[in-house]
Structures are given as structure tokens and as C-alpha cells.
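Coordinates from model.cif are shown below (mmCIF, C-alpha atoms and all ligand atoms).
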```
data_target
loop_
_atom_site.label_atom_id
_atom_site.label_comp_id
_atom_site.auth_asym_id
_atom_site.auth_seq_id
_atom_site.Cartn_x
_atom_site.Cartn_y
_atom_site.Cartn_z
CA MET V 223 178.12 -174.79 -75.02
CA SER V 224 174.94 -175.97 -73.31
CA LEU V 225 172.85 -173.53 -71.29
CA GLU V 226 170.61 -174.09 -68.32
CA PRO V 227 167.01 -173.06 -69.15
CA HIS V 228 167.21 -169.98 -66.89
CA GLU V 229 170.51 -168.93 -68.57
CA TYR V 230 168.85 -169.22 -71.95
CA TYR V 231 165.93 -166.99 -70.91
CA GLU V 232 168.28 -164.51 -69.22
CA ALA V 233 170.36 -164.23 -72.41
CA LEU V 234 167.21 -163.82 -74.50
CA ALA V 235 165.91 -161.07 -72.19
CA GLN V 236 169.28 -159.25 -72.38
CA LEU V 237 169.21 -159.43 -76.15
CA ALA V 238 165.64 -158.08 -76.29
CA TRP V 239 166.68 -155.24 -74.00
CA GLN V 240 169.63 -154.32 -76.25
CA VAL V 241 167.39 -154.37 -79.34
CA GLU V 242 164.99 -152.05 -77.53
CA LEU V 243 167.90 -149.68 -76.86
CA GLY V 244 168.60 -149.59 -80.59
CA ALA V 245 171.44 -152.12 -80.93
CA ASP V 246 170.18 -153.78 -84.07
CA GLU V 247 173.30 -155.59 -85.25
CA ALA V 248 176.38 -157.37 -83.90
CA ILE V 249 179.61 -155.55 -84.73
CA GLY V 250 182.02 -158.25 -83.59
CA ALA V 251 182.02 -162.01 -83.91
CA VAL V 252 183.13 -162.32 -80.27
CA GLY V 253 181.34 -160.55 -77.42
CA VAL V 254 183.30 -158.05 -75.30
CA ASP V 255 183.12 -158.57 -71.56
CA ARG V 256 183.16 -154.98 -70.25
CA TYR V 257 183.34 -156.16 -66.61
CA VAL V 258 186.70 -157.84 -67.29
CA GLU V 259 187.84 -154.83 -69.33
CA LYS V 260 187.43 -152.56 -66.29
CA LEU V 261 189.84 -154.76 -64.35
CA THR V 262 192.53 -154.80 -67.06
CA PRO V 263 195.79 -153.60 -65.50
CA LYS V 264 197.39 -150.46 -66.96
CA SER V 265 200.38 -152.36 -68.36
CA GLN V 266 198.06 -154.50 -70.51
CA LYS V 267 196.20 -151.44 -71.74
CA LYS V 268 199.51 -150.03 -73.01
CA THR V 269 200.02 -153.17 -75.08
CA VAL V 270 196.58 -152.67 -76.62
CA GLN V 271 197.50 -149.07 -77.47
CA LYS V 272 200.77 -150.24 -79.02
CA GLN V 273 198.93 -152.74 -81.17
CA SER V 274 196.67 -150.07 -82.61
CA ASP V 275 199.73 -147.87 -83.33
CA THR V 276 201.20 -150.79 -85.22
CA VAL V 277 198.01 -151.06 -87.26
CA THR V 278 198.26 -147.37 -88.17
CA VAL V 279 201.88 -147.73 -89.27
CA ALA V 280 200.98 -150.87 -91.21
CA ALA V 281 198.20 -148.88 -92.86
CA ARG V 282 200.62 -146.18 -93.96
CA THR V 283 203.21 -148.54 -95.36
CA ALA V 284 200.51 -150.47 -97.19
CA GLY V 285 200.08 -147.26 -99.26
CA GLY V 286 203.14 -148.32 -101.28
CA GLU V 287 201.72 -151.79 -101.70
CA THR V 288 198.36 -150.52 -102.97
CA LYS V 289 200.20 -148.33 -105.50
CA ARG V 290 201.99 -151.35 -106.92
CA LEU V 291 198.86 -153.51 -106.87
CA ALA V 292 196.70 -150.84 -108.50
CA ALA V 293 199.24 -150.15 -111.25
CA ALA V 294 199.20 -153.86 -112.16
CA CYS V 295 195.44 -153.86 -112.88
CA ASN V 296 194.63 -153.63 -116.56
CA ASP V 297 190.85 -153.56 -116.42
CA LEU V 298 187.98 -152.99 -114.00
CA GLU V 299 187.42 -156.68 -113.36
CA GLY V 300 191.09 -157.10 -112.48
CA LEU V 301 190.86 -154.11 -110.14
CA ARG V 302 187.77 -155.54 -108.46
CA GLU V 303 189.53 -158.87 -107.90
CA THR V 304 192.67 -157.18 -106.58
CA ILE V 305 190.70 -155.08 -104.08
CA GLU V 306 188.66 -158.11 -102.97
CA ALA V 307 191.88 -160.03 -102.35
CA PHE V 308 193.64 -157.14 -100.55
CA ASP V 309 193.98 -157.79 -96.81
CA GLY V 310 195.97 -154.72 -95.75
CA CYS V 311 193.03 -152.65 -94.50
CA GLU V 312 191.55 -153.43 -91.09
CA LEU V 313 188.06 -152.40 -92.24
CA LYS V 314 187.77 -155.50 -94.39
CA ARG V 315 187.68 -157.68 -91.28
CA GLY V 316 184.50 -156.07 -89.99
CA ALA V 317 182.75 -155.91 -93.37
CA ARG V 318 180.46 -158.51 -94.88
CA THR V 319 181.18 -157.60 -98.48
CA THR V 320 183.58 -155.61 -100.62
CA VAL V 321 181.54 -152.88 -102.29
CA PHE V 322 183.29 -152.17 -105.58
CA ALA V 323 180.90 -150.30 -107.87
CA ASP V 324 177.48 -150.18 -109.47
CA GLY V 325 176.03 -148.74 -112.65
CA ASN V 326 177.43 -148.58 -116.13
CA PRO V 327 181.25 -148.41 -116.37
CA ALA V 328 180.90 -146.77 -119.79
CA ALA V 329 178.98 -143.83 -118.25
CA ARG V 330 180.20 -140.28 -118.82
CA VAL V 331 179.58 -139.49 -115.15
CA MET V 332 181.40 -141.27 -112.33
CA VAL V 333 179.98 -140.69 -108.85
CA ILE V 334 182.35 -141.10 -105.89
CA GLY V 335 180.88 -141.38 -102.40
CA GLU V 336 182.33 -142.04 -99.00
CA ALA V 337 181.98 -145.65 -97.88
CA PRO V 338 179.31 -148.33 -97.71
CA GLY V 339 176.72 -148.16 -94.95
CA ARG V 340 174.77 -151.05 -93.50
CA ASP V 341 172.54 -151.68 -96.52
CA GLU V 342 175.42 -151.41 -98.97
CA ASP V 343 177.54 -153.77 -96.85
CA ARG V 344 174.72 -156.31 -96.94
CA GLU V 345 174.05 -156.11 -100.68
CA GLY V 346 177.56 -155.40 -101.96
CA LYS V 347 176.42 -152.34 -103.95
CA PRO V 348 177.07 -148.64 -103.29
CA PHE V 349 174.32 -146.16 -102.45
CA ILE V 350 171.29 -148.41 -102.14
CA GLY V 351 170.03 -147.30 -98.70
CA LYS V 352 168.00 -144.18 -97.92
CA SER V 353 170.71 -141.76 -99.06
CA GLY V 354 171.26 -143.84 -102.20
CA GLN V 355 167.58 -143.55 -103.03
CA LEU V 356 167.81 -139.79 -102.73
CA LEU V 357 170.97 -139.81 -104.86
CA ASP V 358 169.10 -141.75 -107.56
CA LYS V 359 166.30 -139.16 -107.46
CA MET V 360 168.79 -136.29 -107.69
CA LEU V 361 170.47 -137.88 -110.70
CA ALA V 362 167.11 -138.69 -112.30
CA SER V 363 166.17 -135.01 -112.06
CA ILE V 364 168.84 -134.29 -114.70
CA GLY V 365 168.12 -137.40 -116.76
CA LEU V 366 170.79 -139.70 -115.31
CA ASN V 367 170.24 -143.27 -114.17
CA ARG V 368 172.59 -145.96 -112.90
CA ASN V 369 170.73 -148.64 -114.87
CA ALA V 370 170.88 -146.86 -118.23
CA GLU V 371 172.67 -148.70 -121.02
CA ASP V 372 173.33 -145.55 -123.01
CA ALA V 373 176.53 -143.93 -121.71
CA GLU V 374 174.95 -140.47 -122.15
CA GLN V 375 172.27 -141.17 -119.52
CA ALA V 376 174.23 -143.62 -117.37
CA VAL V 377 176.21 -143.18 -114.17
CA TYR V 378 178.92 -145.31 -112.65
CA ILE V 379 179.11 -145.27 -108.85
CA THR V 380 181.84 -146.13 -106.37
CA ASN V 381 183.18 -145.02 -102.99
CA VAL V 382 186.45 -143.86 -101.46
CA LEU V 383 186.44 -147.00 -99.29
CA PRO V 384 185.06 -150.38 -100.39
CA TRP V 385 184.42 -151.59 -96.81
CA ARG V 386 181.96 -150.31 -94.24
CA PRO V 387 183.65 -148.48 -91.34
CA PRO V 388 182.39 -149.64 -87.92
CA GLN V 389 179.24 -147.82 -86.87
CA ASN V 390 179.44 -145.80 -90.09
CA ARG V 391 182.17 -143.59 -88.63
CA ASP V 392 184.01 -141.25 -91.02
CA PRO V 393 186.87 -142.77 -93.00
CA LEU V 394 190.26 -142.20 -91.33
CA ASP V 395 192.98 -140.30 -93.19
CA GLU V 396 195.23 -143.37 -93.25
CA GLU V 397 192.44 -145.56 -94.62
CA MET V 398 191.78 -143.09 -97.42
CA ALA V 399 195.52 -142.73 -98.13
CA MET V 400 195.92 -146.49 -98.30
CA MET V 401 193.01 -146.98 -100.70
CA LYS V 402 193.65 -143.87 -102.84
CA PRO V 403 195.83 -145.67 -105.45
CA PHE V 404 192.94 -148.08 -106.06
CA LEU V 405 190.51 -145.19 -106.43
CA MET V 406 192.81 -143.34 -108.84
CA ARG V 407 193.25 -146.50 -110.91
CA HIS V 408 189.48 -147.00 -110.83
CA ILE V 409 189.04 -143.53 -112.35
CA GLU V 410 191.78 -144.14 -114.94
CA LEU V 411 190.19 -147.42 -116.04
CA ALA V 412 186.60 -146.13 -116.12
CA LYS V 413 187.67 -142.98 -118.03
CA PRO V 414 184.65 -140.83 -117.13
CA ASP V 415 184.19 -137.38 -118.68
CA VAL V 416 183.10 -135.92 -115.35
CA LEU V 417 183.45 -136.79 -111.65
CA LEU V 418 180.78 -136.06 -109.03
CA LEU V 419 182.34 -135.97 -105.55
CA VAL V 420 179.66 -136.72 -103.00
CA GLY V 421 180.28 -135.44 -99.45
CA ASN V 422 183.59 -134.60 -97.74
CA PRO V 423 185.81 -137.72 -97.96
CA PRO V 424 186.15 -137.91 -101.78
CA ASN V 425 187.03 -134.23 -101.82
CA GLN V 426 189.59 -134.57 -99.03
CA THR V 427 191.39 -137.48 -100.60
CA LEU V 428 191.15 -136.59 -104.30
CA LEU V 429 191.57 -132.81 -104.04
CA ASN V 430 194.06 -133.12 -101.17
CA THR V 431 192.26 -130.54 -99.11
CA GLU V 432 190.99 -130.02 -95.61
CA GLN V 433 188.19 -127.81 -96.92
CA GLY V 434 184.67 -129.13 -96.61
CA VAL V 435 182.15 -129.58 -99.38
CA THR V 436 180.32 -126.39 -98.31
CA ARG V 437 183.39 -124.36 -99.39
CA LEU V 438 184.25 -126.48 -102.42
CA ARG V 439 180.84 -126.90 -104.05
CA GLY V 440 179.55 -124.57 -106.73
CA LYS V 441 182.74 -124.66 -108.81
CA TRP V 442 184.59 -127.13 -110.99
CA HIS V 443 187.86 -128.68 -109.85
CA SER V 444 190.19 -131.03 -111.72
CA ILE V 445 191.42 -134.52 -110.88
CA ALA V 446 193.99 -136.00 -113.26
CA GLY V 447 192.63 -133.65 -115.92
CA ILE V 448 188.99 -134.71 -115.39
CA PRO V 449 186.47 -132.01 -114.34
CA ALA V 450 185.22 -132.77 -110.83
CA LEU V 451 182.22 -131.27 -109.08
CA PRO V 452 181.78 -131.51 -105.28
CA ILE V 453 178.20 -131.90 -104.11
CA PHE V 454 176.46 -132.29 -100.75
CA HIS V 455 176.02 -135.86 -99.57
CA PRO V 456 172.37 -137.01 -99.81
CA ALA V 457 172.55 -138.15 -96.16
CA TYR V 458 173.25 -134.50 -95.26
CA LEU V 459 170.41 -133.33 -97.51
CA LEU V 460 168.04 -135.71 -95.71
CA ARG V 461 169.03 -134.03 -92.43
CA VAL V 462 169.10 -130.47 -93.80
CA PRO V 463 166.55 -130.34 -96.66
CA ALA V 464 166.96 -126.56 -97.00
CA GLN V 465 170.33 -127.24 -98.66
CA LYS V 466 168.64 -129.11 -101.51
CA ARG V 467 168.35 -125.77 -103.29
CA LEU V 468 172.17 -125.56 -103.55
CA ALA V 469 172.43 -129.22 -104.55
CA TRP V 470 169.94 -128.53 -107.32
CA ALA V 471 172.12 -125.66 -108.58
CA ASP V 472 175.11 -128.04 -108.61
CA LEU V 473 173.14 -130.66 -110.54
CA LEU V 474 172.31 -128.02 -113.14
CA MET V 475 176.03 -127.22 -113.41
CA LEU V 476 176.67 -130.90 -114.06
CA LYS V 477 173.95 -131.03 -116.71
CA ALA V 478 175.33 -127.94 -118.45
CA LYS V 479 178.85 -129.43 -118.45
CA LEU V 480 177.56 -132.64 -120.07
CA GLU V 481 175.67 -130.68 -122.70
CA GLU V 482 178.61 -128.45 -123.58
CA SER V 483 181.07 -131.29 -124.25
N1 LIG D 1 177.01 -143.30 -98.42
C1 LIG D 1 178.07 -143.33 -99.25
O1 LIG D 1 178.84 -142.38 -99.29
N2 LIG D 1 178.25 -144.37 -100.02
C2 LIG D 1 177.41 -145.41 -100.03
O2 LIG D 1 177.63 -146.34 -100.78
C3 LIG D 1 176.30 -145.36 -99.17
C4 LIG D 1 176.12 -144.31 -98.37
#
```

What would the structure in this file look like if it were written as C-alpha cells?
Ligand code: URA
Amino acid sequence: MSLEPHEYYEALAQLAWQVELGADEAIGAVGVDRYVEKLTPKSQKKTVQKQSDTVTVAARTAGGETKRLAAACNDLEGLRETIEAFDGCELKRGARTTVFADGNPAARVMVIGEAPGRDEDREGKPFIGKSGQLLDKMLASIGLNRNAEDAEQAVYITNVLPWRPPQNRDPLDEEMAMMKPFLMRHIELAKPDVLLLVGNPPNQTLLNTEQGVTRLRGKWHSIAGIPALPIFHPAYLLRVPAQKRLAWADLLMLKAKLEES
């Protein structure tokens, strides 16, 4: 498409204006013309609604498929490849990378977060943005480190979802349900001694509860026989630093558990 010079400068000015408003990334490959959208007749809108219902149903039925696929994975590399090849989750379409895991798979501690954010989506690794840096500091305070070779000091990190949700929205129940068999298989294959459940989504999906981390933290739970400790998400601690005191208490519980077994 060739542009007249004035069209080029108009487009550039519009882009600069959007950047100034805080729109710092494109979330779709194709632009949405909101002027046309306003004129869409009601009947067409219904079709759009129906399509998204279909996606939801597809998401639910894919739960069976992910169970079968996950069960067929015999090692972590196989699981990574299976998840990377899985096309049943809409989130994959909007993501740049599949974020599988980071750290040492032999670690005694497996950390499970929510979903990749912008930085993680770019780099293909979990928890590397601002909240990831705080998580690293929290773990370091009890002698744990994702780069450690010794399983005693190491951590292995993954998320409930391997793809970034648009605009970092919370994971949907059906997305978590669809991906849960992969997560359970991930835990089975990594065989950690202890799970650290970071923020609400891993608790909701793995403990099957509506309760938030504020209610769940401070005590040990069990997932497939593995002790699991809910802890505040570092993104929350960055917003509410006063809660770091409770997170510190939880980290000490984790340390004590590792020392006792
Ligand atoms: N928040 C998460 O829960 N996981 C990440 O990987 C990054 C931010």
C-alpha cells in the first residue's frame, strides 16, 4: 500500500499520540476500525457473540484432549514440545512465545505463578520482569536461586498458563481448566518436594478453591501428596509493600519445611 506524504505524516502523528497516551504495544496484527464497528448491525453482533461462545465450549472440550496429551508425555522436554505444539487455547494466538519454565528441574522447590507478562512473553522465560526480580530477591533471602546447580538451593519456575493473556488480564476459569492437565503432568515429571503457589490463579486451579491467597496463605496444603504453600504474588507486594511482612513469614515456613525433610 503506498501512502501520500500527508497520509504518512498523519499516521505517524496518530501513532505518536497513542504512545503518549500509554499504548506502547500492538495487541493485534490487524487494526480495528472502531468507526465501522459502531455501525455494525445488531444481527452481525449476535454472530460475533455466538463465535465467542463456541470458543468457550471448544476450550472446555479441549480439557479432555489436554488430559490425553499430557498423559502421553514421558519427560519434561516432551511436555514442553507438546505444549508448544498445542493449538487448542486461544491465548496462543496473541502470544509471541510459549513460556514453559525456567530454573533447575531437579530443584526441591517448584514455583508456580500465574501467566507470562510482557517481558516474559518477549523472552520466553517466566518471572523476569519487575515482579520476577522481586521474586528472585524473596527466594534469595532464604538461600534459593533459580540458577543454582545444587538441587538444595535451586528453584524450578513455571506458570498456570504458558501464554500471555491480552493486556495481562486474569486467566479465565476455562483457560486454567484446559491447561491444568499439563500443569499436573509438569509437577509429576519435575517431582518437587515442595510447591510454592504464587498469587491467586495457581491456588484456584490446583486447590480447586474460590478462596484468595489472603485466606489460604500461612498454612500448608497438599497437591497430589506434595506440600504446597500459597504466597502473595510479588506484583501485589510491589503495590502493597506492607504485606511483605506476611510474605517473609511464609518464606520462613518454606525454609523450615526444607530443613525438616
Ligand atoms: N507473573 C507471573 O505470575 N508469572 C510470570 O511469569 C510473570 C509475572

- Query: Which residues sit within 9 Å of ligand LIG 1 (chain D), counting only C-alpha atoms and all ligand atoms, listed as a PyMOL selection string?
  - Reply: chain V and resi 321+323+334-343+347-354+379-384+386+420-421+423-424+455-457

Show me, as a CSV table (one decimal) with C-alpha atoms, keeping the file's coordinate frame, the residues that have an atom within 10 Å of Lys441 of chain V when counting only C-alpha atoms, minus same-chain residues fewer than 5 positions from it.
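Written output follows (out19.csv):
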```csv
chain,number,residue,atom,x,y,z
V,449,PRO,CA,186.5,-132.0,-114.3
V,450,ALA,CA,185.2,-132.8,-110.8
V,451,LEU,CA,182.2,-131.3,-109.1
V,452,PRO,CA,181.8,-131.5,-105.3
V,453,ILE,CA,178.2,-131.9,-104.1
V,472,ASP,CA,175.1,-128.0,-108.6
V,475,MET,CA,176.0,-127.2,-113.4
```

- Could you jot down the atom CA of Leu411 of chain V to atom CA of Ala292 of chain V separation for me, Å, one decimal place? 10.5 Å

- Message: Which residue is closest to Leu313 of chain V? Choose from V:Gly365, V:Gly434, V:Pro388, V:Gly447 and count only C-alpha atoms.
- Response: V:Pro388

- Have a look at V:Arg437, V:Gln465, V:Val416, V:Asn430 and name the one nearest to Ala478 of chain V; count all atoms listed in the file.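 Looking only at the distances to Ala478 of chain V, the closest residue turns out to be V:Val416.
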
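Taking atom CA of Glu397 of chain V as the reference point, atom CA of Ile448 of chain V is found at 23.7 Å.
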
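Among the candidates V:Arg407, V:Leu357, V:Phe454, V:Ala317, the one nearest to Gln389 of chain V when counting all atoms listed in the file is V:Ala317.
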
- Kindly indicate which residue among V:Ala328, V:Leu473, V:Ile305, V:Ala362 lies nearest to Lys402 of chain V, using all atoms listed in the file for the distances. V:Ile305

- Query: Distance atom CA of Ala399 of chain V-atom CA of Ala294 of chain V, one decimal place?
  - Reply: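 Value for the atom CA of Ala399 of chain V-atom CA of Ala294 of chain V distance: 18.3 Å.
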
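Shortest atom-to-atom contact with Glu303 of chain V among V:Val435, V:Ala373, V:Met401, V:Leu291: V:Leu291, counting all atoms listed in the file.
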
- Message: Which residue is closest to Thr320 of chain V? Choose from V:Glu299, V:Glu482, V:Glu410, V:Glu345 and count all atoms listed in the file.
- Response: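 Nearest to Thr320 of chain V: V:Glu345.
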
- Long-range neighbours of Ile445 of chain V as a PyMOL selection string, 9 Å cut-off, all atoms listed in the file, 6 positions minimum in chain: chain V and resi 417+428-429

Return as lines of an AutoDock Vina configuration file the centre and edge lengths, in Å with one decimal, of the box along x, y and z that encloses every atom of segment 355-367 of chain V in the file, padded by 4 Å per side.
```
center_x = 168.6
center_y = -138.9
center_z = -109.7
size_x = 12.8
size_y = 17.3
size_z = 22.0
```
